[in-house]
Amino acid sequence: MAFEQDASLPSVLPSDQGASASDPLPLASVPAPSPARFIRHPPRNGTSKPVLSDPSAPATTNSTTITNNNHHDLTTLDMTDSIPRSDTFSNSSEDAGDGAENIESQSLLLLEKHSSSHSISPKPSISSTSTLVGPSSHNPIPATQVFARNTLPLHLPKLDAYLASLPKPPFSGEKTYPKPRMFPPMDKLANSNQSLEDMEMNSKIPPFWRNRKTLLGAAVSLFMGLTGSSAIATYYSLQGVVNTVQVFALILSTFVPVTGEDLANEWRTLFLGTIPNVLALNFASTLTQSLIFLVIFMIIASGLLYYFRQRARHCDRYNRLEGLQERSKGKHWRIVVVTFLLTVIYLPMSIMAIHVLVWSDDLWVVPNPYVNATSFPPVVTPLGPTSEYRDPLDFCWTTTMRKDEINYAPVLIILSAIVVGMLSITFPIMLRRVIKHSVPRVDRFTESGRPRTKADMDVEYHRVLARDQNPFVFLYSGFRRGWGTYESTYLFAKLSTLVIVAVIDPDNCLFRSASRTVTPIVRQVLLLVCTFGFFLAQCFLGPFLDPTNNAGEWVSRMNYLSTSLVALLVALDVPGTDILNSYVLYVIYIVTYGLTFYFTIINLSPIRRLVKRITRRIDFSIDVFSPRLAISYLSPHVKRRIWQESITTLILTSPECKIPPTQTMTFAQALDFEFPPYLLGFAGSPAERHVENLKILREIGSFEYRKAATLISGPDFARYRRVEAEIQNHFIGPDSYWKDPDDTVVPGFSGSFGNAWFIPFPPTVVMRYDNGKLAVLRNLRKLEEYVAQNSSRQIQRKREVRMALRALEGQTVRWPYNHISSIGAQYLCCCFRQRYNANRSVHYDTCVLRIKRNGYLTWDKTQLGSGFQVQLNYDRKVVLDGDLIGLTEDFELTPPLAHFLALNEDMIFSRLGKLEALISSYRRHHQVECHRKTQVLSYQFLPNVYDHPRSTTRLARSAFEFERDLRVRQLLVGSDEIFESAYARLSAVSTTETATWWYIFWDDLWRRNHDTISNLRLHEVDFNPYYPTSIAYTPLPRTILESFLIQRGLLSTPSKRGDFFHRGFLNKLYLRLNETAFRGSSKVLLFHLGDDKSELDMDGVDLEIQMEGLSSMLGTGGGTDHDDSSIIVRPEYKWEGVLTDTLQHHRWRRKNFFSKLGAWFGITPLWRAGAISPGVAIDVRLENGRYILLDDVHS
């Protein structure tokens, strides 16, 4: 039920006599200034101490005083004039004539600069109040007490009167039965059961139970945990290989039993005997069977590794694929399965191969003579005649004790060495490279074009990983940004502990002669040192993405460390060995594995929501209570949440403009943002172009975007078009040339030819040189120079040489050659050189010309990638480079090269025409696609519509001026109701900073908590800002808000533990609201930092925080991404911590080790980072069962 329908709230809710829907929508006027006046607060008692101020500040002589931007100026200056406001929303802009478009663009740029400066620096019109006072007659109340759940209410009558006087939005009086209608087009978004991000990416995140990334990642972690345990490592044996095969045969035999067999007994044997022994890999079996299966497993592992090496080269999402070619589609299940299998078998196969190299006792062809031996070395009776049998102790690296039988040990050793070299050492290195080239990047800017902070980048990385479709995502999805390659390091770390266990063992041929008492002690000491090092690394690095995963890994490392310590104590034979080896180990296993199970389930989405309900936690995605929150006119938050969200929703939900269901949103991107992104496989919909524009904005930022938009539509438009047409028609693709005139010497460059492609916006030529280096041309001057260089006759002649050689690629060409090779006996002289006694000459008339490339670009099944290393293949062993035909690095037409081309002239002419036609079709395809993109939706759409809130009249004019596609024109002209409602919503919440903050508060509260707080969903029309009846548009006095929440079951009197809303939370809400209304005046609430007597407003506290070297900008500016149903784990925002810190002496404390305890156990997604403030106290007094301002007491 909408709140205006409540009979209990008649004084606040708009009447039915307000503006009707048929009335023309009035334009929002310039927001009225706040009733606040900025004055200096005199001390309440005693004589004030000198005020900290900037001695260089200029003296003010008139009545209007503007404060400077000095962060250390803690005085509050008198402000008697209102701050000038932008007139973007004013009525005068409608009558400005044809020239108003440019004026509005300039005003919007100024507004963007004002918003940006507001979000990264203190408000220019406001200084904080900081007055040092003497002893005071009152005691301020700690903020933690004022904001406690069972606290007393904060009474602010002046704020209530101010809130009651605010104008009501024109749409709040509209009533529709039986249920209010959502603002268009948000109703279409709600009916689609998708989020805007789902629509932008044209895909949904699958649930965890069918998410390949989640399932495979968990399986890899499980197998590595089991197979990498040092406790299991002692049970690795070669005989267990054959029994792993036997278990599957036994399972199959139980499904298809032989007649008369006891099926129940088969299953009993399987579960109670076979499976436990297979897990321990400790079956008794013949050596021959074990070796046969070991060889088979090693061959399979080598085959898997070869396939992985071949396929992984094509998974480099940034560096390998050149140009604007589409990436291969599909799930890539083969490479996924192969990678998973290699990761799973890595540790067992590596350790088994090492067992062969050290020839452990399970390979000995005689019983272990050192067990229970009474002498050292042991005395063993001969096996038979010495002419037929080896010495009884000569059993190392042999598969038989008989001298007349073949010893297969060398074969096994060679095969094991290959496995160790290729799998144990090479695979982690290859895996690291693959992961490094697969980890996704995070866009540097938001969809508002504002730069992201490091913490914002970390949060965005979570979102990017959730939608990553790379086949290797399961390998790095569990690690935080910058630590994606940790999986490969983790493999090495696990292997090192197992190698210690396998190698330093008295029961192998390396250490069989060592002391059987000292060797286990040395092994356990090394193992303890190794596990302790890994434990410290986990403590200080914390590479996992979520704190719960880091805590789980910490417990796992603690398990390894404690078991290693117990094993060392047992090896030292300390008193109580039986207790250590039984009860202590049981306790360790129960605690560690129990915690591991807890950390596994606590990270599941349903469990996280359950914990949030139990703890009654209300989440926010921004630092909503911070005074640095960007709420000045026009706030990037409200523009993002109302206007820009409506525009994006309109395009993505329009049947004519939306993205086709089968379209994959894939972009050509640079690894380090060297060039802008480009949408691949464009299907022709305006929604694709809008998403591409947003992607470009997120990568280059608003400033570069506007500069590029000015280039393609400003004074240099004709000049740019000529250059663009020349490049796209003639100078993209292979055999392009660029030598930067500003660079005299380029280290490592061996030529200036390569493969080039053109990105239309921002206009950019990207050149991948033949040697693999990259050059990016952005400004118009360099683009013109690029055209001039490629148009010169000298470069064209060199390009003709390259084209002629391309025409001969893969063909048998004529070029006689005498190959002379040395033959005969060889010997080594004192200089270790090989000498031969004869030469052999072989004459060849023809060879096959091949071109070796570094890059990869295919068009019509023809390879056009960068790289041009000519090879002449005369024979399998006779392969020569291009020097033989006189080919130089700069492709000059030398006499030998001219002769070579003349010999093969007929073949060149027969194939050159087809090759030129193929390259021309490649250029024409991309030229047509770029032109089509511009025609479907212009690049000016973002600055003119998406980022420029205005009336429908001006939008229609912009549509016909810049947009050519009929679908877009009809959408903009025919969506008057949508633009009017979005404009009215934005105008309503931008009238005052109080209205702006109130909207941001309730909008963020709804977005982040509606899936957890059931009563929010039950009364959706009263809270969801998509409805005109939402509370977000009408700031309410406290008493009315309390009645409103009580009626909807969200607040109880007295407070109950199950309430999400309570008095302390409302105290915090209205304290911040009071600051927005009366900032700088005597009506604000004043604070004390710690036990300091200085009175500070919220801006003053914020400046004090900054002087401690701690930024309070985190989470306060830059706009907000569309919608996350719950916040992502992150450090606490500064004011989230300050308002909850316990009051201490005036000193800052460092965070302690347990500051992340709640995040580790999954109780809260937040943790404290940086220094802890001394807490704040508030200047309020308790009177008549409520807190009131001190000024109210005196009055």
# chains A, B, ... in the order shown; residues from 1 in each chain; ligands from 1
>>> residues_around(residues="segment 997-1002 of chain A", least_positions_apart="2", cutoff="10 Å", atoms="only C-alpha atoms", output="PyMOL selection string")
chain A and resi 620+622-625+629-632+635+637-638+641+988-990+992-995+1004-1007+1023-1025+1030-1036+1069-1070+1072-1073+1076
>>> write_last_selection(atoms="N, CA, C and O atoms", output="short mmCIF file (atom, residue, chain, number, x, y, z; two decimals), in the first residue's frame")
data_model
loop_
_atom_site.label_atom_id
_atom_site.label_comp_id
_atom_site.auth_asym_id
_atom_site.auth_seq_id
_atom_site.Cartn_x
_atom_site.Cartn_y
_atom_site.Cartn_z
N PHE A 620 24.89 -0.79 2.61
CA PHE A 620 24.93 0.31 1.66
C PHE A 620 26.15 0.14 0.78
O PHE A 620 27.21 -0.31 1.23
N ILE A 622 27.58 2.71 -0.80
CA ILE A 622 28.34 3.95 -0.74
C ILE A 622 28.45 4.39 0.71
O ILE A 622 27.72 3.89 1.58
N ASP A 623 29.33 5.34 0.96
CA ASP A 623 29.49 5.88 2.32
C ASP A 623 28.40 6.92 2.53
O ASP A 623 28.64 8.13 2.51
N VAL A 624 27.19 6.43 2.76
CA VAL A 624 26.02 7.29 2.68
C VAL A 624 25.99 8.34 3.77
O VAL A 624 25.39 9.42 3.60
N PHE A 625 26.64 8.12 4.90
CA PHE A 625 26.62 9.09 6.00
C PHE A 625 27.82 10.04 5.96
O PHE A 625 27.96 10.87 6.85
N LEU A 629 29.90 12.93 0.57
CA LEU A 629 29.05 12.33 -0.45
C LEU A 629 28.60 13.41 -1.43
O LEU A 629 28.16 14.49 -1.03
N ALA A 630 28.71 13.11 -2.71
CA ALA A 630 28.40 14.10 -3.75
C ALA A 630 26.89 14.28 -3.85
O ALA A 630 26.20 13.55 -4.57
N ILE A 631 26.34 15.28 -3.12
CA ILE A 631 24.90 15.55 -3.15
C ILE A 631 24.61 16.96 -3.64
O ILE A 631 23.45 17.38 -3.63
N SER A 632 25.65 17.69 -4.04
CA SER A 632 25.40 19.03 -4.58
C SER A 632 24.76 18.91 -5.96
O SER A 632 24.83 17.87 -6.61
N SER A 635 23.90 15.99 -8.54
CA SER A 635 24.63 14.86 -7.98
C SER A 635 24.82 13.76 -9.02
O SER A 635 23.87 13.36 -9.69
N HIS A 637 25.20 10.76 -8.40
CA HIS A 637 24.47 9.58 -7.94
C HIS A 637 23.04 9.59 -8.44
O HIS A 637 22.55 8.58 -8.95
N VAL A 638 22.34 10.70 -8.29
CA VAL A 638 20.95 10.73 -8.72
C VAL A 638 20.86 10.74 -10.23
O VAL A 638 19.92 10.16 -10.81
N ARG A 641 21.30 7.12 -11.14
CA ARG A 641 20.23 6.22 -10.69
C ARG A 641 18.88 6.55 -11.32
O ARG A 641 17.98 5.70 -11.28
N ALA A 988 12.77 16.58 -9.01
CA ALA A 988 12.19 16.53 -7.67
C ALA A 988 13.24 16.26 -6.61
O ALA A 988 13.21 16.83 -5.52
N VAL A 989 14.21 15.40 -6.93
CA VAL A 989 15.21 15.04 -5.91
C VAL A 989 16.41 15.98 -5.95
O VAL A 989 17.34 15.81 -5.16
N SER A 990 16.42 16.94 -6.87
CA SER A 990 17.54 17.88 -6.98
C SER A 990 17.19 19.26 -6.47
O SER A 990 17.98 20.19 -6.65
N THR A 992 16.87 20.37 -3.35
CA THR A 992 17.75 20.73 -2.25
C THR A 992 18.69 19.56 -2.00
O THR A 992 18.45 18.42 -2.43
N GLU A 993 19.79 19.83 -1.29
CA GLU A 993 20.70 18.75 -0.92
C GLU A 993 20.03 17.77 0.02
O GLU A 993 20.35 16.59 0.03
N THR A 994 19.09 18.25 0.81
CA THR A 994 18.35 17.35 1.71
C THR A 994 17.55 16.34 0.90
O THR A 994 17.56 15.13 1.19
N ALA A 995 16.82 16.82 -0.12
CA ALA A 995 16.04 15.92 -0.96
C ALA A 995 16.95 14.95 -1.71
O ALA A 995 16.59 13.77 -1.88
N ASP A 1004 19.48 3.44 -2.31
CA ASP A 1004 20.52 2.46 -2.05
C ASP A 1004 20.05 1.41 -1.05
O ASP A 1004 20.41 0.23 -1.16
N LEU A 1005 19.28 1.84 -0.06
CA LEU A 1005 18.76 0.88 0.92
C LEU A 1005 17.87 -0.15 0.23
O LEU A 1005 17.94 -1.36 0.53
N TRP A 1006 17.04 0.29 -0.72
CA TRP A 1006 16.17 -0.65 -1.42
C TRP A 1006 16.98 -1.60 -2.29
O TRP A 1006 16.77 -2.81 -2.26
N ARG A 1007 17.90 -1.07 -3.05
CA ARG A 1007 18.66 -1.90 -3.99
C ARG A 1007 19.48 -2.97 -3.28
O ARG A 1007 19.57 -4.10 -3.76
N PHE A 1023 8.57 1.65 -1.10
CA PHE A 1023 10.03 1.79 -0.95
C PHE A 1023 10.77 1.79 -2.28
O PHE A 1023 11.78 2.49 -2.40
N ASN A 1024 10.32 1.03 -3.25
CA ASN A 1024 11.02 0.95 -4.52
C ASN A 1024 10.92 2.28 -5.25
O ASN A 1024 9.84 2.75 -5.59
N PRO A 1025 12.07 2.94 -5.53
CA PRO A 1025 12.02 4.24 -6.22
C PRO A 1025 11.48 4.17 -7.64
O PRO A 1025 11.28 5.22 -8.25
N SER A 1030 6.95 5.99 -3.83
CA SER A 1030 8.07 5.62 -2.97
C SER A 1030 8.37 6.73 -1.98
O SER A 1030 8.29 7.92 -2.28
N ILE A 1031 8.79 6.32 -0.80
CA ILE A 1031 9.20 7.26 0.25
C ILE A 1031 10.44 8.04 -0.17
O ILE A 1031 10.74 9.11 0.39
N ALA A 1032 11.18 7.55 -1.17
CA ALA A 1032 12.43 8.19 -1.57
C ALA A 1032 12.22 9.60 -2.09
O ALA A 1032 13.17 10.39 -2.11
N TYR A 1033 11.00 9.94 -2.52
CA TYR A 1033 10.75 11.27 -3.10
C TYR A 1033 10.16 12.26 -2.10
O TYR A 1033 9.97 13.42 -2.46
N THR A 1034 9.86 11.84 -0.88
CA THR A 1034 9.21 12.71 0.09
C THR A 1034 9.92 12.60 1.43
O THR A 1034 9.65 11.69 2.21
N PRO A 1035 10.85 13.52 1.75
CA PRO A 1035 11.47 13.52 3.07
C PRO A 1035 10.42 13.73 4.16
O PRO A 1035 9.59 14.66 4.08
N LEU A 1036 10.43 12.88 5.17
CA LEU A 1036 9.41 12.90 6.22
C LEU A 1036 10.02 13.31 7.56
O LEU A 1036 11.14 12.92 7.88
N LEU A 1069 20.26 8.53 10.81
CA LEU A 1069 19.64 9.05 9.59
C LEU A 1069 19.33 10.53 9.72
O LEU A 1069 19.71 11.35 8.85
N TYR A 1070 18.67 10.92 10.80
CA TYR A 1070 18.26 12.32 10.95
C TYR A 1070 19.42 13.22 11.34
O TYR A 1070 19.38 14.43 11.07
N ARG A 1072 22.40 12.95 9.98
CA ARG A 1072 22.99 13.29 8.67
C ARG A 1072 22.05 14.21 7.88
O ARG A 1072 22.52 15.12 7.18
N LEU A 1073 20.76 13.99 7.99
CA LEU A 1073 19.80 14.83 7.30
C LEU A 1073 19.85 16.26 7.83
O LEU A 1073 19.73 17.23 7.06
N THR A 1076 22.68 18.10 6.18
CA THR A 1076 22.41 18.58 4.83
C THR A 1076 21.52 19.82 4.83
O THR A 1076 21.63 20.66 3.93
#
>>> closest_residue(among="A:Leu971, A:Leu1051, A:Val766, A:Leu912", to="Glu674 of chain A", atoms="only C-alpha atoms")
A:Val766
>>> closest_residue(among="A:Tyr589, A:Phe900, A:Phe1060, A:Tyr856", to="Tyr817 of chain A", atoms="only C-alpha atoms")
A:Phe900
>>> residues_around(residues="Met430 of chain A", least_positions_apart="6", cutoff="12 Å", atoms="only C-alpha atoms", output="list of chain:residue names")
A:Leu305, A:Tyr306, A:Phe308, A:Arg309, A:Gln310, A:Arg311, A:Ala312, A:Arg313, A:Thr339, A:Leu342, A:Thr343, A:Met422, A:Leu423, A:Ser424, A:Lys436, A:His437, A:Thr485, A:Glu487, A:Ser488, A:Thr489
>>> write_last_selection(atoms="C-alpha atoms", output="mmCIF file, in the first residue's frame")
data_model
loop_
_atom_site.group_PDB
_atom_site.id
_atom_site.type_symbol
_atom_site.label_atom_id
_atom_site.label_comp_id
_atom_site.auth_asym_id
_atom_site.auth_seq_id
_atom_site.Cartn_x
_atom_site.Cartn_y
_atom_site.Cartn_z
ATOM 1 C CA LEU A 305 50.064 -31.728 -21.654
ATOM 2 C CA TYR A 306 50.794 -31.565 -25.386
ATOM 3 C CA PHE A 308 47.117 -28.116 -23.475
ATOM 4 C CA ARG A 309 50.247 -26.503 -24.880
ATOM 5 C CA GLN A 310 48.836 -26.387 -28.396
ATOM 6 C CA ARG A 311 45.402 -25.062 -27.465
ATOM 7 C CA ALA A 312 46.415 -22.664 -24.708
ATOM 8 C CA ARG A 313 48.262 -20.479 -27.207
ATOM 9 C CA THR A 339 43.245 -28.302 -17.907
ATOM 10 C CA LEU A 342 46.160 -31.857 -15.601
ATOM 11 C CA THR A 343 45.611 -29.801 -12.466
ATOM 12 C CA MET A 422 57.241 -31.469 -18.668
ATOM 13 C CA LEU A 423 54.554 -31.840 -16.028
ATOM 14 C CA SER A 424 56.141 -30.981 -12.693
ATOM 15 C CA LYS A 436 48.269 -14.047 -16.878
ATOM 16 C CA HIS A 437 46.930 -13.567 -20.389
ATOM 17 C CA THR A 485 48.409 -16.415 -11.222
ATOM 18 C CA GLU A 487 47.250 -21.046 -8.622
ATOM 19 C CA SER A 488 50.455 -21.910 -10.471
ATOM 20 C CA THR A 489 52.534 -20.781 -7.487
#
>>> closest_residue(among="A:Arg1130, A:Arg432, A:Arg706, A:Lys914", to="Val459 of chain A", atoms="only C-alpha atoms")
A:Arg1130
>>> closest_residue(among="A:Ile1105, A:Val501, A:Leu780, A:Leu216", to="Val338 of chain A", atoms="only C-alpha atoms")
A:Leu216
>>> residues_around(residues="Asp394 of chain A", least_positions_apart="4", cutoff="12 Å", atoms="only C-alpha atoms", output="ChimeraX atom specification")
/A:364-366,368-369,380,382-383,386,389-390,398-403,509,512
>>> residues_around(residues="Tyr939 of chain A", least_positions_apart="3", cutoff="12 Å", atoms="only C-alpha atoms", output="ChimeraX atom specification")
/A:686,689-697,705-713,760-763,930-931,933-936,942-946,962-964
>>> write_last_selection(atoms="C-alpha atoms", output="PDB file, in the first residue's frame")
ATOM      1  CA  PRO A 686      21.048   0.310 -31.315  1.00  0.00           C
ATOM      2  CA  ARG A 689      25.949   0.456 -29.924  1.00  0.00           C
ATOM      3  CA  HIS A 690      24.793   1.975 -26.638  1.00  0.00           C
ATOM      4  CA  VAL A 691      26.590  -0.727 -24.671  1.00  0.00           C
ATOM      5  CA  GLU A 692      29.690  -0.196 -26.807  1.00  0.00           C
ATOM      6  CA  ASN A 693      29.579   3.537 -26.087  1.00  0.00           C
ATOM      7  CA  LEU A 694      29.379   2.792 -22.362  1.00  0.00           C
ATOM      8  CA  LYS A 695      32.305   0.384 -22.639  1.00  0.00           C
ATOM      9  CA  ILE A 696      34.383   3.057 -24.371  1.00  0.00           C
ATOM     10  CA  LEU A 697      33.417   5.578 -21.694  1.00  0.00           C
ATOM     11  CA  TYR A 705      35.258  10.764 -24.760  1.00  0.00           C
ATOM     12  CA  ARG A 706      34.089  14.363 -25.125  1.00  0.00           C
ATOM     13  CA  LYS A 707      37.336  15.354 -26.821  1.00  0.00           C
ATOM     14  CA  ALA A 708      36.909  12.562 -29.374  1.00  0.00           C
ATOM     15  CA  ALA A 709      33.251  13.494 -29.927  1.00  0.00           C
ATOM     16  CA  THR A 710      34.346  17.076 -30.627  1.00  0.00           C
ATOM     17  CA  LEU A 711      36.915  15.851 -33.159  1.00  0.00           C
ATOM     18  CA  ILE A 712      34.407  13.880 -35.242  1.00  0.00           C
ATOM     19  CA  SER A 713      31.737  16.593 -35.192  1.00  0.00           C
ATOM     20  CA  PRO A 760      36.611   4.592 -35.330  1.00  0.00           C
ATOM     21  CA  PHE A 761      36.066   6.035 -31.857  1.00  0.00           C
ATOM     22  CA  PRO A 762      38.132   7.557 -30.496  1.00  0.00           C
ATOM     23  CA  PRO A 763      39.864   7.618 -33.915  1.00  0.00           C
ATOM     24  CA  CYS A 930      32.264   1.104 -38.812  1.00  0.00           C
ATOM     25  CA  HIS A 931      29.951   3.188 -40.987  1.00  0.00           C
ATOM     26  CA  LYS A 933      27.729   1.464 -36.349  1.00  0.00           C
ATOM     27  CA  THR A 934      27.735   5.245 -36.737  1.00  0.00           C
ATOM     28  CA  GLN A 935      24.457   5.163 -38.638  1.00  0.00           C
ATOM     29  CA  VAL A 936      22.725   2.946 -36.066  1.00  0.00           C
ATOM     30  CA  LEU A 942      26.205   9.724 -24.702  1.00  0.00           C
ATOM     31  CA  PRO A 943      27.092  13.402 -24.214  1.00  0.00           C
ATOM     32  CA  ASN A 944      23.889  14.676 -25.837  1.00  0.00           C
ATOM     33  CA  VAL A 945      21.278  12.367 -24.301  1.00  0.00           C
ATOM     34  CA  TYR A 946      22.667   9.905 -21.760  1.00  0.00           C
ATOM     35  CA  PHE A 962      22.716  13.529 -34.659  1.00  0.00           C
ATOM     36  CA  GLU A 963      20.795  10.256 -35.067  1.00  0.00           C
ATOM     37  CA  ARG A 964      20.170   8.712 -38.479  1.00  0.00           C
TER      38      ARG A 964
END
>>> residues_around(residues="Gln669 of chain A", least_positions_apart="5", cutoff="8 Å", atoms="only C-alpha atoms", output="ChimeraX atom specification")
/A:318,675-678
>>> residues_around(residues="Leu189 of chain A", least_positions_apart="3", cutoff="12 Å", atoms="only C-alpha atoms", output="PyMOL selection string")
chain A and resi 182-186+192-199+645-654+1026
>>> write_last_selection(atoms="N, CA and C atoms", output="tab-separated table (two decimals), in the first residue's frame")
chain	number	residue	atom	x	y	z
A	182	MET	N	4.53	1.53	-12.08
A	182	MET	CA	5.93	1.93	-12.07
A	182	MET	C	6.17	3.05	-13.09
A	183	PHE	N	7.23	3.80	-12.82
A	183	PHE	CA	7.67	4.76	-13.82
A	183	PHE	C	8.11	3.99	-15.07
A	184	PRO	N	7.69	4.43	-16.23
A	184	PRO	CA	8.24	3.80	-17.43
A	184	PRO	C	9.67	4.30	-17.66
A	185	PRO	N	10.57	3.50	-18.20
A	185	PRO	CA	10.41	2.12	-18.68
A	185	PRO	C	10.83	1.10	-17.64
A	186	MET	N	10.90	1.51	-16.34
A	186	MET	CA	11.37	0.60	-15.32
A	186	MET	C	10.43	-0.59	-15.15
A	192	SER	N	11.11	-8.15	-17.00
A	192	SER	CA	12.06	-8.99	-17.73
A	192	SER	C	12.80	-9.98	-16.83
A	193	ASN	N	12.70	-9.80	-15.50
A	193	ASN	CA	13.42	-10.64	-14.54
A	193	ASN	C	14.93	-10.66	-14.80
A	194	GLN	N	15.42	-9.54	-15.30
A	194	GLN	CA	16.85	-9.38	-15.54
A	194	GLN	C	17.31	-8.06	-14.95
A	195	SER	N	18.59	-7.99	-14.65
A	195	SER	CA	19.17	-6.72	-14.24
A	195	SER	C	19.69	-6.00	-15.48
A	196	LEU	N	20.00	-4.72	-15.31
A	196	LEU	CA	20.55	-3.97	-16.43
A	196	LEU	C	21.88	-4.55	-16.88
A	197	GLU	N	22.65	-5.03	-15.94
A	197	GLU	CA	23.93	-5.63	-16.30
A	197	GLU	C	23.73	-6.91	-17.10
A	198	ASP	N	22.69	-7.68	-16.76
A	198	ASP	CA	22.36	-8.86	-17.56
A	198	ASP	C	22.05	-8.46	-19.00
A	199	MET	N	21.29	-7.38	-19.15
A	199	MET	CA	20.91	-6.93	-20.49
A	199	MET	C	22.11	-6.37	-21.24
A	645	GLU	N	19.95	5.60	-15.87
A	645	GLU	CA	19.36	4.26	-15.79
A	645	GLU	C	18.11	4.18	-16.65
A	646	SER	N	17.32	5.23	-16.70
A	646	SER	CA	16.11	5.23	-17.52
A	646	SER	C	16.46	5.18	-19.00
A	647	ILE	N	17.49	5.93	-19.42
A	647	ILE	CA	17.89	5.93	-20.83
A	647	ILE	C	18.38	4.54	-21.23
A	648	THR	N	19.23	3.95	-20.43
A	648	THR	CA	19.75	2.62	-20.76
A	648	THR	C	18.64	1.58	-20.77
A	649	THR	N	17.74	1.65	-19.80
A	649	THR	CA	16.62	0.70	-19.76
A	649	THR	C	15.74	0.86	-20.98
A	650	LEU	N	15.48	2.09	-21.39
A	650	LEU	CA	14.63	2.35	-22.55
A	650	LEU	C	15.19	1.68	-23.79
A	651	ILE	N	16.50	1.81	-24.01
A	651	ILE	CA	17.10	1.25	-25.21
A	651	ILE	C	17.17	-0.28	-25.14
A	652	LEU	N	17.55	-0.80	-23.98
A	652	LEU	CA	17.76	-2.25	-23.86
A	652	LEU	C	16.46	-3.04	-23.82
A	653	THR	N	15.35	-2.40	-23.48
A	653	THR	CA	14.07	-3.12	-23.41
A	653	THR	C	13.17	-2.85	-24.60
A	654	SER	N	13.55	-1.94	-25.48
A	654	SER	CA	12.75	-1.65	-26.66
A	654	SER	C	12.78	-2.83	-27.61
A	1026	TYR	N	11.24	2.98	-8.16
A	1026	TYR	CA	10.61	2.89	-9.47
A	1026	TYR	C	9.14	3.26	-9.43
>>> atom_distance(atom1="atom CA of Ala219 of chain A", atom2="atom CA of Val587 of chain A")
25.9 Å
>>> atom_distance(atom1="atom CA of Asp1059 of chain A", atom2="atom CA of Thr1140 of chain A")
19.0 Å
